[in-house]
file model17.txt (compact mmCIF, N, CA and C atoms)
# COMPACT_ATOMS: atom_id res chain seq x y z
N MET J 1 0.85 -1.18 0.00
CA MET J 1 0.00 0.00 0.00
C MET J 1 0.89 1.24 0.00
N GLU J 2 0.50 2.18 -0.78
CA GLU J 2 1.26 3.42 -0.91
C GLU J 2 1.15 4.24 0.36
N ASN J 3 2.27 4.76 0.84
CA ASN J 3 2.28 5.58 2.03
C ASN J 3 1.87 7.00 1.66
N LEU J 4 0.72 7.44 2.19
CA LEU J 4 0.22 8.76 1.84
C LEU J 4 0.56 9.76 2.94
N ASP J 5 0.96 10.92 2.54
CA ASP J 5 1.19 12.01 3.48
C ASP J 5 -0.12 12.77 3.60
N LEU J 6 -0.80 12.60 4.74
CA LEU J 6 -2.12 13.20 4.90
C LEU J 6 -2.08 14.71 4.84
N LEU J 7 -0.98 15.31 5.29
CA LEU J 7 -0.90 16.77 5.27
C LEU J 7 -0.84 17.30 3.85
N SER J 8 -0.15 16.59 2.96
CA SER J 8 -0.07 17.06 1.58
C SER J 8 -1.39 16.82 0.85
N ASN J 9 -2.25 15.98 1.39
CA ASN J 9 -3.56 15.74 0.80
C ASN J 9 -4.66 16.54 1.49
N ASP J 10 -4.27 17.42 2.39
CA ASP J 10 -5.19 18.32 3.07
C ASP J 10 -6.24 17.61 3.92
N LEU J 11 -5.97 16.39 4.38
CA LEU J 11 -6.88 15.72 5.29
C LEU J 11 -6.52 16.15 6.71
N GLN J 12 -7.48 16.77 7.37
CA GLN J 12 -7.23 17.29 8.72
C GLN J 12 -8.41 16.98 9.61
N VAL J 13 -8.13 16.97 10.91
CA VAL J 13 -9.20 16.85 11.89
C VAL J 13 -9.54 18.27 12.33
N THR J 14 -10.70 18.73 11.91
CA THR J 14 -11.13 20.09 12.25
C THR J 14 -11.66 20.11 13.68
N PRO J 15 -11.82 21.28 14.26
CA PRO J 15 -12.43 21.35 15.60
C PRO J 15 -13.82 20.70 15.64
N GLN J 16 -14.57 20.86 14.56
CA GLN J 16 -15.88 20.22 14.49
C GLN J 16 -15.73 18.69 14.48
N GLY J 17 -14.78 18.19 13.69
CA GLY J 17 -14.50 16.76 13.65
C GLY J 17 -14.03 16.23 15.00
N LEU J 18 -13.21 17.02 15.68
CA LEU J 18 -12.73 16.65 17.01
C LEU J 18 -13.90 16.55 17.99
N GLY J 19 -14.86 17.45 17.85
CA GLY J 19 -16.07 17.40 18.69
C GLY J 19 -16.87 16.13 18.43
N TYR J 20 -17.00 15.78 17.14
CA TYR J 20 -17.71 14.54 16.79
C TYR J 20 -17.00 13.33 17.39
N LEU J 21 -15.67 13.30 17.28
CA LEU J 21 -14.91 12.18 17.83
C LEU J 21 -15.07 12.09 19.34
N ALA J 22 -15.09 13.23 20.02
CA ALA J 22 -15.28 13.24 21.47
C ALA J 22 -16.65 12.68 21.84
N GLU J 23 -17.68 13.06 21.07
CA GLU J 23 -19.03 12.58 21.35
C GLU J 23 -19.15 11.08 21.05
N VAL J 24 -18.55 10.64 19.95
CA VAL J 24 -18.55 9.22 19.61
C VAL J 24 -17.86 8.42 20.72
N ALA J 25 -16.77 8.95 21.24
CA ALA J 25 -16.04 8.26 22.30
C ALA J 25 -16.89 8.12 23.56
N LYS J 26 -17.66 9.16 23.90
CA LYS J 26 -18.54 9.07 25.07
C LYS J 26 -19.59 7.99 24.89
N TRP J 27 -20.25 7.99 23.73
CA TRP J 27 -21.27 6.98 23.46
C TRP J 27 -20.64 5.59 23.37
N GLY J 28 -19.47 5.51 22.77
CA GLY J 28 -18.78 4.23 22.68
C GLY J 28 -18.45 3.67 24.05
N LYS J 29 -18.01 4.53 24.94
CA LYS J 29 -17.68 4.09 26.31
C LYS J 29 -18.95 3.61 27.02
N PHE J 30 -20.04 4.34 26.86
CA PHE J 30 -21.31 3.93 27.46
C PHE J 30 -21.74 2.56 26.94
N LEU J 31 -21.71 2.38 25.61
CA LEU J 31 -22.11 1.11 25.01
C LEU J 31 -21.18 -0.03 25.43
N ALA J 32 -19.90 0.25 25.53
CA ALA J 32 -18.95 -0.79 25.96
C ALA J 32 -19.23 -1.21 27.40
N ILE J 33 -19.49 -0.25 28.27
CA ILE J 33 -19.78 -0.59 29.66
C ILE J 33 -21.09 -1.39 29.75
N MET J 34 -22.10 -0.99 28.98
CA MET J 34 -23.34 -1.77 28.95
C MET J 34 -23.07 -3.20 28.43
N GLY J 35 -22.19 -3.31 27.45
CA GLY J 35 -21.81 -4.63 26.93
C GLY J 35 -21.11 -5.48 27.98
N PHE J 36 -20.22 -4.86 28.76
CA PHE J 36 -19.55 -5.59 29.84
C PHE J 36 -20.57 -6.07 30.87
N ILE J 37 -21.55 -5.22 31.19
CA ILE J 37 -22.59 -5.61 32.14
C ILE J 37 -23.39 -6.79 31.60
N LEU J 38 -23.75 -6.73 30.31
CA LEU J 38 -24.48 -7.84 29.70
C LEU J 38 -23.64 -9.12 29.67
N CYS J 39 -22.34 -8.98 29.46
CA CYS J 39 -21.45 -10.16 29.52
C CYS J 39 -21.49 -10.77 30.91
N GLY J 40 -21.43 -9.91 31.94
CA GLY J 40 -21.49 -10.40 33.32
C GLY J 40 -22.81 -11.08 33.62
N ILE J 41 -23.91 -10.49 33.15
CA ILE J 41 -25.23 -11.10 33.36
C ILE J 41 -25.30 -12.45 32.64
N THR J 42 -24.75 -12.52 31.44
CA THR J 42 -24.75 -13.78 30.69
C THR J 42 -23.94 -14.85 31.42
N VAL J 43 -22.81 -14.47 31.98
CA VAL J 43 -22.01 -15.42 32.76
C VAL J 43 -22.82 -15.91 33.96
N ALA J 44 -23.47 -14.99 34.67
CA ALA J 44 -24.28 -15.39 35.83
C ALA J 44 -25.42 -16.31 35.40
N LEU J 45 -26.08 -15.96 34.30
CA LEU J 45 -27.19 -16.78 33.81
C LEU J 45 -26.72 -18.16 33.34
N SER J 46 -25.48 -18.25 32.92
CA SER J 46 -24.97 -19.53 32.42
C SER J 46 -25.01 -20.61 33.50
N PHE J 47 -25.02 -20.21 34.75
CA PHE J 47 -25.06 -21.18 35.84
C PHE J 47 -26.47 -21.41 36.38
N PHE J 48 -27.39 -20.45 36.16
CA PHE J 48 -28.73 -20.57 36.71
C PHE J 48 -29.77 -21.07 35.71
N VAL J 49 -29.71 -20.60 34.48
CA VAL J 49 -30.72 -20.96 33.49
C VAL J 49 -30.76 -22.47 33.23
N PRO J 50 -29.63 -23.14 33.02
CA PRO J 50 -29.71 -24.58 32.79
C PRO J 50 -30.37 -25.34 33.95
N VAL J 51 -30.07 -24.94 35.16
CA VAL J 51 -30.66 -25.60 36.33
C VAL J 51 -32.16 -25.34 36.37
N LEU J 52 -32.56 -24.09 36.15
CA LEU J 52 -33.99 -23.76 36.17
C LEU J 52 -34.73 -24.41 35.02
N LEU J 53 -34.11 -24.46 33.85
CA LEU J 53 -34.76 -25.03 32.67
C LEU J 53 -35.03 -26.52 32.86
N THR J 54 -34.11 -27.23 33.48
CA THR J 54 -34.31 -28.67 33.67
C THR J 54 -35.34 -28.97 34.75
N GLN J 55 -35.82 -27.95 35.45
CA GLN J 55 -36.89 -28.14 36.44
C GLN J 55 -38.28 -28.00 35.82
N LEU J 56 -38.33 -27.49 34.56
CA LEU J 56 -39.62 -27.33 33.89
C LEU J 56 -40.20 -28.69 33.51
N PRO J 57 -41.53 -28.81 33.47
CA PRO J 57 -42.18 -30.11 33.23
C PRO J 57 -41.66 -30.92 32.03
N PRO J 58 -41.45 -30.35 30.85
CA PRO J 58 -41.01 -31.23 29.77
C PRO J 58 -39.62 -31.83 30.01
N TYR J 59 -38.79 -31.16 30.81
CA TYR J 59 -37.41 -31.59 30.97
C TYR J 59 -37.17 -32.34 32.29
N ASN J 60 -38.03 -32.18 33.28
CA ASN J 60 -37.74 -32.78 34.58
C ASN J 60 -37.95 -34.29 34.60
N THR J 61 -38.51 -34.86 33.53
CA THR J 61 -38.68 -36.31 33.47
C THR J 61 -37.50 -37.00 32.78
N MET J 62 -36.53 -36.24 32.32
CA MET J 62 -35.36 -36.81 31.64
C MET J 62 -34.48 -37.55 32.63
N SER J 63 -33.69 -38.43 32.10
CA SER J 63 -32.74 -39.13 32.97
C SER J 63 -31.75 -38.13 33.55
N SER J 64 -31.25 -38.43 34.71
CA SER J 64 -30.33 -37.49 35.38
C SER J 64 -29.03 -37.33 34.60
N GLU J 65 -28.62 -38.40 33.90
CA GLU J 65 -27.38 -38.31 33.11
C GLU J 65 -27.56 -37.35 31.95
N PHE J 66 -28.69 -37.47 31.23
CA PHE J 66 -28.95 -36.55 30.11
C PHE J 66 -29.16 -35.13 30.63
N SER J 67 -29.86 -35.01 31.75
CA SER J 67 -30.10 -33.70 32.34
C SER J 67 -28.80 -33.03 32.73
N SER J 68 -27.86 -33.77 33.30
CA SER J 68 -26.55 -33.21 33.67
C SER J 68 -25.76 -32.78 32.44
N THR J 69 -25.81 -33.61 31.41
CA THR J 69 -25.11 -33.29 30.16
C THR J 69 -25.70 -32.03 29.53
N MET J 70 -27.03 -31.92 29.56
CA MET J 70 -27.68 -30.75 28.99
C MET J 70 -27.32 -29.49 29.78
N LYS J 71 -27.27 -29.59 31.10
CA LYS J 71 -26.90 -28.45 31.93
C LYS J 71 -25.48 -27.98 31.61
N ILE J 72 -24.57 -28.93 31.51
CA ILE J 72 -23.17 -28.59 31.22
C ILE J 72 -23.06 -27.96 29.84
N ALA J 73 -23.74 -28.54 28.85
CA ALA J 73 -23.69 -28.01 27.48
C ALA J 73 -24.25 -26.59 27.42
N MET J 74 -25.36 -26.36 28.10
CA MET J 74 -25.96 -25.02 28.08
C MET J 74 -25.05 -24.01 28.80
N THR J 75 -24.44 -24.42 29.89
CA THR J 75 -23.53 -23.54 30.62
C THR J 75 -22.35 -23.16 29.72
N ILE J 76 -21.80 -24.13 29.04
CA ILE J 76 -20.67 -23.87 28.15
C ILE J 76 -21.07 -22.94 27.01
N ILE J 77 -22.26 -23.15 26.45
CA ILE J 77 -22.73 -22.29 25.35
C ILE J 77 -22.90 -20.85 25.83
N TYR J 78 -23.52 -20.67 26.99
CA TYR J 78 -23.69 -19.32 27.54
C TYR J 78 -22.33 -18.66 27.80
N LEU J 79 -21.39 -19.41 28.37
CA LEU J 79 -20.06 -18.85 28.65
C LEU J 79 -19.33 -18.48 27.36
N LEU J 80 -19.47 -19.31 26.32
CA LEU J 80 -18.84 -18.99 25.03
C LEU J 80 -19.46 -17.75 24.40
N LEU J 81 -20.78 -17.61 24.52
CA LEU J 81 -21.43 -16.42 23.99
C LEU J 81 -20.98 -15.16 24.73
N ALA J 82 -20.83 -15.27 26.05
CA ALA J 82 -20.35 -14.12 26.83
C ALA J 82 -18.93 -13.76 26.42
N LEU J 83 -18.08 -14.77 26.23
CA LEU J 83 -16.70 -14.53 25.81
C LEU J 83 -16.66 -13.92 24.41
N LEU J 84 -17.49 -14.42 23.53
CA LEU J 84 -17.54 -13.90 22.17
C LEU J 84 -17.97 -12.44 22.15
N PHE J 85 -18.92 -12.07 22.98
CA PHE J 85 -19.42 -10.70 23.03
C PHE J 85 -18.46 -9.77 23.77
N PHE J 86 -17.60 -10.35 24.62
CA PHE J 86 -16.67 -9.55 25.40
C PHE J 86 -15.67 -8.80 24.51
N PHE J 87 -15.13 -9.46 23.49
CA PHE J 87 -14.06 -8.87 22.70
C PHE J 87 -14.45 -7.59 21.96
N PRO J 88 -15.58 -7.53 21.26
CA PRO J 88 -15.91 -6.24 20.64
C PRO J 88 -16.16 -5.15 21.68
N CYS J 89 -16.71 -5.52 22.83
CA CYS J 89 -16.92 -4.53 23.90
C CYS J 89 -15.57 -4.01 24.41
N PHE J 90 -14.62 -4.92 24.53
CA PHE J 90 -13.28 -4.56 25.01
C PHE J 90 -12.61 -3.60 24.03
N TYR J 91 -12.66 -3.91 22.73
CA TYR J 91 -12.06 -3.03 21.72
C TYR J 91 -12.77 -1.68 21.67
N LEU J 92 -14.09 -1.69 21.81
CA LEU J 92 -14.85 -0.43 21.81
C LEU J 92 -14.48 0.41 23.02
N TYR J 93 -14.32 -0.23 24.17
CA TYR J 93 -13.94 0.49 25.38
C TYR J 93 -12.54 1.11 25.22
N LYS J 94 -11.59 0.31 24.72
CA LYS J 94 -10.23 0.82 24.52
C LYS J 94 -10.23 1.96 23.51
N TYR J 95 -11.03 1.83 22.44
CA TYR J 95 -11.14 2.91 21.45
C TYR J 95 -11.62 4.18 22.14
N SER J 96 -12.68 4.05 22.92
CA SER J 96 -13.31 5.22 23.54
C SER J 96 -12.39 5.91 24.53
N VAL J 97 -11.74 5.13 25.37
CA VAL J 97 -10.84 5.71 26.38
C VAL J 97 -9.67 6.43 25.69
N LYS J 98 -9.08 5.79 24.70
CA LYS J 98 -7.94 6.40 24.00
C LYS J 98 -8.38 7.64 23.21
N MET J 99 -9.57 7.59 22.62
CA MET J 99 -10.04 8.74 21.85
C MET J 99 -10.35 9.90 22.79
N GLN J 100 -10.96 9.63 23.93
CA GLN J 100 -11.23 10.70 24.90
C GLN J 100 -9.91 11.33 25.35
N SER J 101 -8.91 10.50 25.58
CA SER J 101 -7.60 11.02 25.98
C SER J 101 -6.96 11.81 24.85
N ALA J 102 -7.07 11.31 23.64
CA ALA J 102 -6.47 12.00 22.49
C ALA J 102 -7.11 13.37 22.28
N VAL J 103 -8.42 13.45 22.45
CA VAL J 103 -9.12 14.72 22.25
C VAL J 103 -8.73 15.72 23.35
N LYS J 104 -8.62 15.24 24.58
CA LYS J 104 -8.27 16.13 25.70
C LYS J 104 -6.83 16.62 25.62
N THR J 105 -5.91 15.72 25.27
CA THR J 105 -4.48 16.07 25.31
C THR J 105 -3.89 16.36 23.94
N ILE J 106 -4.69 16.22 22.89
CA ILE J 106 -4.21 16.37 21.51
C ILE J 106 -2.97 15.49 21.31
N SER J 107 -3.13 14.23 21.65
CA SER J 107 -2.04 13.25 21.57
C SER J 107 -2.19 12.39 20.32
N GLN J 108 -1.21 12.47 19.43
CA GLN J 108 -1.24 11.68 18.20
C GLN J 108 -1.14 10.19 18.52
N GLU J 109 -0.34 9.84 19.53
CA GLU J 109 -0.16 8.44 19.92
C GLU J 109 -1.49 7.83 20.39
N ASN J 110 -2.22 8.55 21.25
CA ASN J 110 -3.52 8.06 21.71
C ASN J 110 -4.53 8.00 20.57
N PHE J 111 -4.46 8.97 19.68
CA PHE J 111 -5.35 8.99 18.52
C PHE J 111 -5.12 7.76 17.65
N ASP J 112 -3.85 7.46 17.38
CA ASP J 112 -3.52 6.30 16.55
C ASP J 112 -3.93 4.99 17.22
N GLU J 113 -3.66 4.88 18.54
CA GLU J 113 -4.05 3.67 19.28
C GLU J 113 -5.57 3.52 19.28
N SER J 114 -6.26 4.63 19.41
CA SER J 114 -7.72 4.61 19.39
C SER J 114 -8.23 4.05 18.06
N LEU J 115 -7.69 4.57 16.97
CA LEU J 115 -8.11 4.08 15.66
C LEU J 115 -7.75 2.62 15.45
N MET J 116 -6.62 2.19 16.01
CA MET J 116 -6.22 0.78 15.91
C MET J 116 -7.26 -0.10 16.61
N ASN J 117 -7.75 0.33 17.78
CA ASN J 117 -8.75 -0.45 18.50
C ASN J 117 -10.09 -0.45 17.77
N MET J 118 -10.43 0.66 17.13
CA MET J 118 -11.66 0.70 16.34
C MET J 118 -11.53 -0.26 15.16
N LYS J 119 -10.36 -0.30 14.53
CA LYS J 119 -10.12 -1.23 13.43
C LYS J 119 -10.28 -2.67 13.91
N SER J 120 -9.73 -2.97 15.09
CA SER J 120 -9.83 -4.32 15.64
C SER J 120 -11.27 -4.72 15.91
N MET J 121 -12.06 -3.77 16.41
CA MET J 121 -13.47 -4.05 16.69
C MET J 121 -14.21 -4.38 15.39
N PHE J 122 -14.02 -3.55 14.37
CA PHE J 122 -14.71 -3.80 13.10
C PHE J 122 -14.18 -5.05 12.41
N LYS J 123 -12.91 -5.33 12.55
CA LYS J 123 -12.35 -6.55 11.98
C LYS J 123 -12.97 -7.77 12.65
N PHE J 124 -13.12 -7.72 13.98
CA PHE J 124 -13.76 -8.81 14.71
C PHE J 124 -15.18 -9.03 14.21
N TYR J 125 -15.96 -7.93 14.12
CA TYR J 125 -17.34 -8.04 13.62
C TYR J 125 -17.37 -8.56 12.19
N GLY J 126 -16.43 -8.13 11.37
CA GLY J 126 -16.39 -8.58 9.98
C GLY J 126 -16.11 -10.07 9.87
N ILE J 127 -15.11 -10.54 10.61
CA ILE J 127 -14.78 -11.97 10.58
C ILE J 127 -15.93 -12.79 11.15
N PHE J 128 -16.53 -12.31 12.23
CA PHE J 128 -17.67 -13.00 12.83
C PHE J 128 -18.83 -13.08 11.84
N THR J 129 -19.09 -12.00 11.13
CA THR J 129 -20.16 -11.98 10.13
C THR J 129 -19.88 -12.98 9.01
N ILE J 130 -18.64 -13.05 8.55
CA ILE J 130 -18.27 -14.01 7.50
C ILE J 130 -18.50 -15.44 7.98
N ILE J 131 -18.13 -15.71 9.23
CA ILE J 131 -18.32 -17.05 9.79
C ILE J 131 -19.81 -17.40 9.85
N ILE J 132 -20.62 -16.48 10.35
CA ILE J 132 -22.06 -16.73 10.45
C ILE J 132 -22.68 -16.93 9.07
N LEU J 133 -22.31 -16.08 8.11
CA LEU J 133 -22.83 -16.23 6.75
C LEU J 133 -22.40 -17.57 6.13
N SER J 134 -21.20 -18.02 6.45
CA SER J 134 -20.72 -19.32 5.96
C SER J 134 -21.57 -20.45 6.53
N PHE J 135 -21.89 -20.36 7.83
CA PHE J 135 -22.76 -21.37 8.43
C PHE J 135 -24.13 -21.37 7.77
N TYR J 136 -24.68 -20.19 7.50
CA TYR J 136 -25.97 -20.10 6.82
C TYR J 136 -25.89 -20.72 5.43
N ALA J 137 -24.82 -20.45 4.71
CA ALA J 137 -24.66 -21.00 3.36
C ALA J 137 -24.59 -22.53 3.40
N VAL J 138 -23.82 -23.05 4.35
CA VAL J 138 -23.72 -24.51 4.48
C VAL J 138 -25.08 -25.10 4.86
N ALA J 139 -25.78 -24.47 5.81
CA ALA J 139 -27.10 -24.96 6.21
C ALA J 139 -28.07 -24.92 5.03
N PHE J 140 -28.00 -23.88 4.22
CA PHE J 140 -28.87 -23.76 3.06
C PHE J 140 -28.58 -24.88 2.06
N ILE J 141 -27.32 -25.13 1.81
CA ILE J 141 -26.94 -26.19 0.86
C ILE J 141 -27.35 -27.56 1.39
N VAL J 142 -27.11 -27.80 2.67
CA VAL J 142 -27.52 -29.08 3.28
C VAL J 142 -29.04 -29.23 3.20
N GLY J 143 -29.78 -28.15 3.42
CA GLY J 143 -31.24 -28.19 3.31
C GLY J 143 -31.70 -28.53 1.91
N ILE J 144 -31.06 -27.94 0.92
CA ILE J 144 -31.43 -28.21 -0.48
C ILE J 144 -31.12 -29.67 -0.83
N VAL J 145 -29.94 -30.13 -0.42
CA VAL J 145 -29.56 -31.53 -0.71
C VAL J 145 -30.52 -32.49 0.00
N ALA J 146 -30.86 -32.21 1.25
CA ALA J 146 -31.77 -33.07 1.99
C ALA J 146 -33.16 -33.09 1.34
N ALA J 147 -33.62 -31.93 0.89
CA ALA J 147 -34.92 -31.86 0.23
C ALA J 147 -34.89 -32.59 -1.11
N ALA J 148 -33.77 -32.53 -1.82
CA ALA J 148 -33.66 -33.20 -3.12
C ALA J 148 -33.59 -34.70 -2.98
N MET J 149 -33.14 -35.19 -1.86
CA MET J 149 -33.01 -36.64 -1.65
C MET J 149 -34.33 -37.29 -1.25
N ARG J 150 -35.35 -36.53 -0.98
CA ARG J 150 -36.66 -37.10 -0.59
C ARG J 150 -37.39 -37.63 -1.75
call {"tool": "encode", "arguments": {"input": "model17.txt", "output": "structure tokens"}}
result
Amino acid sequence: MENLDLLSNDLQVTPQGLGYLAEVAKWGKFLAIMGFILCGITVALSFFVPVLLTQLPPYNTMSSEFSSTMKIAMTIIYLLLALLFFFPCFYLYKYSVKMQSAVKTISQENFDESLMNMKSMFKFYGIFTIIILSFYAVAFIVGIVAAAMR
């Protein structure tokens, strides 16, 4: 990739742009903290929901071995979902904190680190989206093949 000199291309962060970045950082920090709270709630639920669910009438007649396996599987799934959701929240939080610092101190280093964390967050979401779309494509193909075999 060609190394561009932003100053020679007249790309600048204006005071208005700096204000937008400061506001985005505030909202980003709020959303990241809410995401961390949801991750914590998901972790807590990972231990309670499987136990409560197996007490419901359709499930309480299952064998204890299957019930234990189901509880463990559900706990693991909840914990994995919390871990998966943690990373974009973490990158968003780091972006927000560094951007708030960069705006206050006019620090190029904090500004660059902030943008690096924003890139990481979007990269994570992009890769995750590709993985989910791939699963959908495979499921669609398996569905078509299964329907054709009938």
call {"tool": "atom_distance", "arguments": {"input": "model17.txt", "atom1": "atom C of J:Ile106", "atom2": "atom CA of J:Phe87"}}
result
26.8 Å
call {"tool": "closest_residue", "arguments": {"input": "model17.txt", "among": "J:Tyr78, J:Cys89, J:Gln55, J:Glu23", "to": "J:Phe36", "atoms": "only N, CA and C atoms"}}
result
J:Cys89
call {"tool": "residues_around", "arguments": {"input": "model17.txt", "residues": "J:Val97", "least_positions_apart": "5", "cutoff": "12 Å", "atoms": "only C-alpha atoms", "output": "CSV table (one decimal) with N, CA and C atoms, in the frame of the given file"}}
result
chain,number,residue,atom,x,y,z
J,21,LEU,N,-15.7,13.3,17.3
J,21,LEU,CA,-14.9,12.2,17.8
J,21,LEU,C,-15.1,12.1,19.3
J,22,ALA,N,-15.1,13.2,20.0
J,22,ALA,CA,-15.3,13.2,21.5
J,22,ALA,C,-16.6,12.7,21.8
J,23,GLU,N,-17.7,13.1,21.1
J,23,GLU,CA,-19.0,12.6,21.4
J,23,GLU,C,-19.2,11.1,21.0
J,24,VAL,N,-18.6,10.6,20.0
J,24,VAL,CA,-18.6,9.2,19.6
J,24,VAL,C,-17.9,8.4,20.7
J,25,ALA,N,-16.8,9.0,21.2
J,25,ALA,CA,-16.0,8.3,22.3
J,25,ALA,C,-16.9,8.1,23.6
J,26,LYS,N,-17.7,9.2,23.9
J,26,LYS,CA,-18.5,9.1,25.1
J,26,LYS,C,-19.6,8.0,24.9
J,27,TRP,N,-20.2,8.0,23.7
J,27,TRP,CA,-21.3,7.0,23.5
J,27,TRP,C,-20.6,5.6,23.4
J,28,GLY,N,-19.5,5.5,22.8
J,28,GLY,CA,-18.8,4.2,22.7
J,28,GLY,C,-18.4,3.7,24.0
J,29,LYS,N,-18.0,4.5,24.9
J,29,LYS,CA,-17.7,4.1,26.3
J,29,LYS,C,-19.0,3.6,27.0
J,30,PHE,N,-20.0,4.3,26.9
J,30,PHE,CA,-21.3,3.9,27.5
J,30,PHE,C,-21.7,2.6,26.9
J,32,ALA,N,-19.9,0.2,25.5
J,32,ALA,CA,-19.0,-0.8,26.0
J,32,ALA,C,-19.2,-1.2,27.4
J,33,ILE,N,-19.5,-0.2,28.3
J,33,ILE,CA,-19.8,-0.6,29.7
J,33,ILE,C,-21.1,-1.4,29.8
J,90,PHE,N,-14.6,-4.9,24.5
J,90,PHE,CA,-13.3,-4.6,25.0
J,90,PHE,C,-12.6,-3.6,24.0
J,91,TYR,N,-12.7,-3.9,22.7
J,91,TYR,CA,-12.1,-3.0,21.7
J,91,TYR,C,-12.8,-1.7,21.7
J,92,LEU,N,-14.1,-1.7,21.8
J,92,LEU,CA,-14.8,-0.4,21.8
J,92,LEU,C,-14.5,0.4,23.0
J,102,ALA,N,-7.1,11.3,23.6
J,102,ALA,CA,-6.5,12.0,22.5
J,102,ALA,C,-7.1,13.4,22.3
J,103,VAL,N,-8.4,13.4,22.4
J,103,VAL,CA,-9.1,14.7,22.2
J,103,VAL,C,-8.7,15.7,23.4
J,104,LYS,N,-8.6,15.2,24.6
J,104,LYS,CA,-8.3,16.1,25.7
J,104,LYS,C,-6.8,16.6,25.6
J,110,ASN,N,-2.2,8.6,21.2
J,110,ASN,CA,-3.5,8.1,21.7
J,110,ASN,C,-4.5,8.0,20.6
J,111,PHE,N,-4.5,9.0,19.7
J,111,PHE,CA,-5.4,9.0,18.5
J,111,PHE,C,-5.1,7.8,17.6
J,113,GLU,N,-3.7,4.9,18.5
J,113,GLU,CA,-4.0,3.7,19.3
J,113,GLU,C,-5.6,3.5,19.3
J,114,SER,N,-6.3,4.6,19.4
J,114,SER,CA,-7.7,4.6,19.4
J,114,SER,C,-8.2,4.0,18.1
J,115,LEU,N,-7.7,4.6,17.0
J,115,LEU,CA,-8.1,4.1,15.7
J,115,LEU,C,-7.8,2.6,15.4
J,117,ASN,N,-7.8,0.3,17.8
J,117,ASN,CA,-8.8,-0.4,18.5
J,117,ASN,C,-10.1,-0.4,17.8
J,118,MET,N,-10.4,0.7,17.1
J,118,MET,CA,-11.7,0.7,16.3
J,118,MET,C,-11.5,-0.3,15.2
call {"tool": "select_by_dssp", "arguments": {"input": "model17.txt", "residues": "chain J", "states": "helix (DSSP H, G or I)", "output": "VMD selection string"}}
result
chain J and resid 15 to 53 57 to 60 64 to 105 108 to 148
call {"tool": "atom_distance", "arguments": {"input": "model17.txt", "atom1": "atom CA of J:Lys98", "atom2": "atom C of J:Asp112"}}
result
8.0 Å
call {"tool": "atom_distance", "arguments": {"input": "model17.txt", "atom1": "atom N of J:Tyr20", "atom2": "atom CA of J:Glu109"}}
result
18.6 Å
call {"tool": "closest_residue", "arguments": {"input": "model17.txt", "among": "J:Ala147, J:Leu79, J:Ile130, J:Leu84", "to": "J:Ala44", "atoms": "only N, CA and C atoms"}}
result
J:Leu79
call {"tool": "residues_around", "arguments": {"input": "model17.txt", "residues": "J:Pro50", "least_positions_apart": "2", "cutoff": "6.5 Å", "atoms": "all atoms listed in the file", "output": "list of chain:residue names"}}
result
J:Leu45, J:Ser46, J:Phe47, J:Phe48, J:Leu52, J:Leu53, J:Thr54, J:Gln55, J:Met70, J:Lys71, J:Met74, J:Thr75
call {"tool": "build_atoms", "arguments": {"input": "model17.txt", "residues": "stretch 97-105 of chain J", "atoms": "N, CA, C and O atoms", "output": "compact mmCIF listing (two decimals), in the coordinates of the input"}}
result
# COMPACT_ATOMS: atom_id res chain seq x y z
N VAL J 97 -11.74 5.13 25.37
CA VAL J 97 -10.84 5.71 26.38
C VAL J 97 -9.67 6.43 25.69
O VAL J 97 -9.32 7.56 26.06
N LYS J 98 -9.08 5.79 24.70
CA LYS J 98 -7.94 6.40 24.00
C LYS J 98 -8.38 7.64 23.21
O LYS J 98 -7.65 8.63 23.15
N MET J 99 -9.57 7.59 22.62
CA MET J 99 -10.04 8.74 21.85
C MET J 99 -10.35 9.90 22.79
O MET J 99 -10.02 11.05 22.48
N GLN J 100 -10.96 9.63 23.93
CA GLN J 100 -11.23 10.70 24.90
C GLN J 100 -9.91 11.33 25.35
O GLN J 100 -9.81 12.55 25.45
N SER J 101 -8.91 10.50 25.58
CA SER J 101 -7.60 11.02 25.98
C SER J 101 -6.96 11.81 24.85
O SER J 101 -6.36 12.87 25.09
N ALA J 102 -7.07 11.31 23.64
CA ALA J 102 -6.47 12.00 22.49
C ALA J 102 -7.11 13.37 22.28
O ALA J 102 -6.42 14.35 21.98
N VAL J 103 -8.42 13.45 22.45
CA VAL J 103 -9.12 14.72 22.25
C VAL J 103 -8.73 15.72 23.35
O VAL J 103 -8.52 16.90 23.07
N LYS J 104 -8.62 15.24 24.58
CA LYS J 104 -8.27 16.13 25.70
C LYS J 104 -6.83 16.62 25.62
O LYS J 104 -6.55 17.79 25.89
N THR J 105 -5.91 15.72 25.27
CA THR J 105 -4.48 16.07 25.31
C THR J 105 -3.89 16.36 23.94
O THR J 105 -2.70 16.67 23.85
